[in-house]
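Trainee: Just dropping this structure here.
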Amino acid sequence: MSIEVARASLTCSACSAQVAELRRGRCWTCYTRWSELRPVGRGAMCLICHERRRDHLRLVEMRARSVPMCHSCAGRTLRLTQVPDSLDELREILTRDRRRNDRRDEGLDQRIFPRERRVGDRRGPPRPDSGDEIDPALLLDAIEDLVIELDEGDIEVLEQTIVRSAPR
């Protein structure tokens, strides 16, 4: 019984390592580092659970697009053996059952000061009265048609000097 080992024949554009497989011209280590450092846009939310806290969000490549997802939904999506074609199917797979319906029965509230605890919830679809009128599913389709036009006056030439310290 013999095992054939693939030869490293490709060069990473970031670290110049010889590897057998590249992703966007980078080895897996450099690609992972690059993808985790990309900033998420202002006002972004997770396409699955609608999480809004920016420190929990990151851009994930899905179907050759970069979409914002929270850490939990991104990790669960990357572990799927087959990612569904539509966002609705992906939401159906990743949505937890306990958040779908109100679990409180007709029983009495046992708290001393009963009040609704879910007011101002940071999760949930955007409400029209909160100023967020953009549906994430529509935004995903609009990204394909986005065109930015620049005039000559919009372009500014910058000179940048990079000072690198000696290797340690």
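Going by the structure tokens order, chains are called A, B, ..., each with residues numbered from 1, while ligands are numbered from 1 in the order shown.
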Set the distance at 9 Å and use only C-alpha atoms: which residues neighbour Leu87 (chain A) once local chain neighbours fewer than 3 positions away are removed? I'd like the list as a ChimeraX atom specification.
Mentor: /A:47-48,84,90-92,137
Trainee: How would the residues just chosen look if you wrote them out with N, CA, C and O atoms as a PDB file, in the first residue's frame?
Mentor:
```
ATOM      1  N   LEU A  47     -27.086  38.033   7.817  1.00  0.00           N
ATOM      2  CA  LEU A  47     -28.173  37.675   6.914  1.00  0.00           C
ATOM      3  C   LEU A  47     -29.068  36.570   7.479  1.00  0.00           C
ATOM      4  O   LEU A  47     -30.176  36.385   7.019  1.00  0.00           O
ATOM      5  N   ILE A  48     -28.580  35.843   8.466  1.00  0.00           N
ATOM      6  CA  ILE A  48     -29.342  34.730   9.016  1.00  0.00           C
ATOM      7  C   ILE A  48     -30.126  35.161  10.260  1.00  0.00           C
ATOM      8  O   ILE A  48     -31.346  35.091  10.293  1.00  0.00           O
ATOM      9  N   PRO A  84     -27.151  25.483   0.891  1.00  0.00           N
ATOM     10  CA  PRO A  84     -28.337  25.609   0.034  1.00  0.00           C
ATOM     11  C   PRO A  84     -28.207  26.778  -0.945  1.00  0.00           C
ATOM     12  O   PRO A  84     -27.419  27.705  -0.737  1.00  0.00           O
ATOM     13  N   LEU A  90     -31.170  28.428   3.759  1.00  0.00           N
ATOM     14  CA  LEU A  90     -30.075  28.496   4.732  1.00  0.00           C
ATOM     15  C   LEU A  90     -30.588  28.970   6.087  1.00  0.00           C
ATOM     16  O   LEU A  90     -30.214  28.427   7.125  1.00  0.00           O
ATOM     17  N   ARG A  91     -31.464  29.957   6.097  1.00  0.00           N
ATOM     18  CA  ARG A  91     -32.069  30.418   7.355  1.00  0.00           C
ATOM     19  C   ARG A  91     -32.851  29.296   8.023  1.00  0.00           C
ATOM     20  O   ARG A  91     -32.816  29.139   9.240  1.00  0.00           O
ATOM     21  N   GLU A  92     -33.585  28.532   7.238  1.00  0.00           N
ATOM     22  CA  GLU A  92     -34.383  27.422   7.778  1.00  0.00           C
ATOM     23  C   GLU A  92     -33.482  26.396   8.461  1.00  0.00           C
ATOM     24  O   GLU A  92     -33.814  25.873   9.528  1.00  0.00           O
ATOM     25  N   ALA A 137     -32.263  40.556   1.933  1.00  0.00           N
ATOM     26  CA  ALA A 137     -32.374  39.727   0.735  1.00  0.00           C
ATOM     27  C   ALA A 137     -32.356  40.596  -0.521  1.00  0.00           C
ATOM     28  O   ALA A 137     -31.753  40.237  -1.537  1.00  0.00           O
TER      29      ALA A 137
END
```
Trainee: Figure out the distance between CA of Ser72 (chain A) and CA of Ser86 (chain A), please, to one decimal in Å.
Mentor: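 Pair CA of Ser86 (chain A) / CA of Ser72 (chain A) returns 18.9 Å.
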Trainee: What is the CA of Cys70 (chain A)-CA of Thr29 (chain A) distance in Å, reported with one decimal?
Mentor: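 Calculated distance between CA of Cys70 (chain A) and CA of Thr29 (chain A) is 21.0 Å.
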Trainee: Could you please determine the separation between CA of Arg79 (chain A) and CA of Cys46 (chain A) in Å, to one decimal place?
Mentor: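 Interatomic distance, CA of Arg79 (chain A) to CA of Cys46 (chain A): 17.1 Å.
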Trainee: Excluding Arg58 (chain A) and its own-chain neighbours fewer than 2 positions away, which residues fall within 9 Å of it when counting only C-alpha atoms? Please give them as a list in words.
Mentor: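 The filter keeps Ser35, Glu36, Leu37, Arg38, Pro39, Val40, Cys46, Arg54, Asp55, His56, Val60, Val67, Pro68, Met69, Cys70, His71 and Ala74 of chain A.
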Trainee: Those residues with C-alpha atoms, as an mmCIF file, in the first residue's frame please?
Mentor:
```cif
data_model
loop_
_atom_site.group_PDB
_atom_site.id
_atom_site.type_symbol
_atom_site.label_atom_id
_atom_site.label_comp_id
_atom_site.auth_asym_id
_atom_site.auth_seq_id
_atom_site.Cartn_x
_atom_site.Cartn_y
_atom_site.Cartn_z
ATOM 1 C CA SER A 35 -10.632 37.242 5.230
ATOM 2 C CA GLU A 36 -10.837 37.783 8.997
ATOM 3 C CA LEU A 37 -9.332 41.271 8.746
ATOM 4 C CA ARG A 38 -11.789 42.615 6.154
ATOM 5 C CA PRO A 39 -14.037 45.258 7.732
ATOM 6 C CA VAL A 40 -17.815 44.920 7.768
ATOM 7 C CA CYS A 46 -26.127 39.028 9.803
ATOM 8 C CA ARG A 54 -20.193 44.911 14.399
ATOM 9 C CA ASP A 55 -17.632 43.139 16.580
ATOM 10 C CA HIS A 56 -19.629 39.908 16.107
ATOM 11 C CA VAL A 60 -18.021 35.345 4.563
ATOM 12 C CA VAL A 67 -21.932 38.572 2.756
ATOM 13 C CA PRO A 68 -22.035 39.736 6.397
ATOM 14 C CA MET A 69 -22.653 36.998 8.956
ATOM 15 C CA CYS A 70 -22.170 36.768 12.682
ATOM 16 C CA HIS A 71 -19.489 34.472 14.040
ATOM 17 C CA ALA A 74 -20.655 31.813 9.685
#
```
Trainee: For Cys27 (chain A), find every residue with an atom within 9 Å (counting only C-alpha atoms), except residues of its own chain fewer than 6 positions away, and show them as a VMD selection string.
Mentor: chain A and resid 10 to 21
Trainee: For each of A:Gly25, A:Thr77, A:Asp154, A:Thr161, take the minimum atom-to-atom distance to Glu89 (chain A), counting only C-alpha atoms, then give the residue where this is smallest.
Mentor: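 Of the candidates, the smallest distance to Glu89 (chain A) is held by A:Thr77.
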Trainee: Within 10 Å of Leu78 (chain A), counting only C-alpha atoms, which residues show up once you throw out same-chain ones fewer than 5 positions away? Write them as a list in words, please.
Mentor: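 Neighbouring residues, sequence-local ones excluded: Val60, Glu61, Met62, Cys73 and Val83 of chain A.
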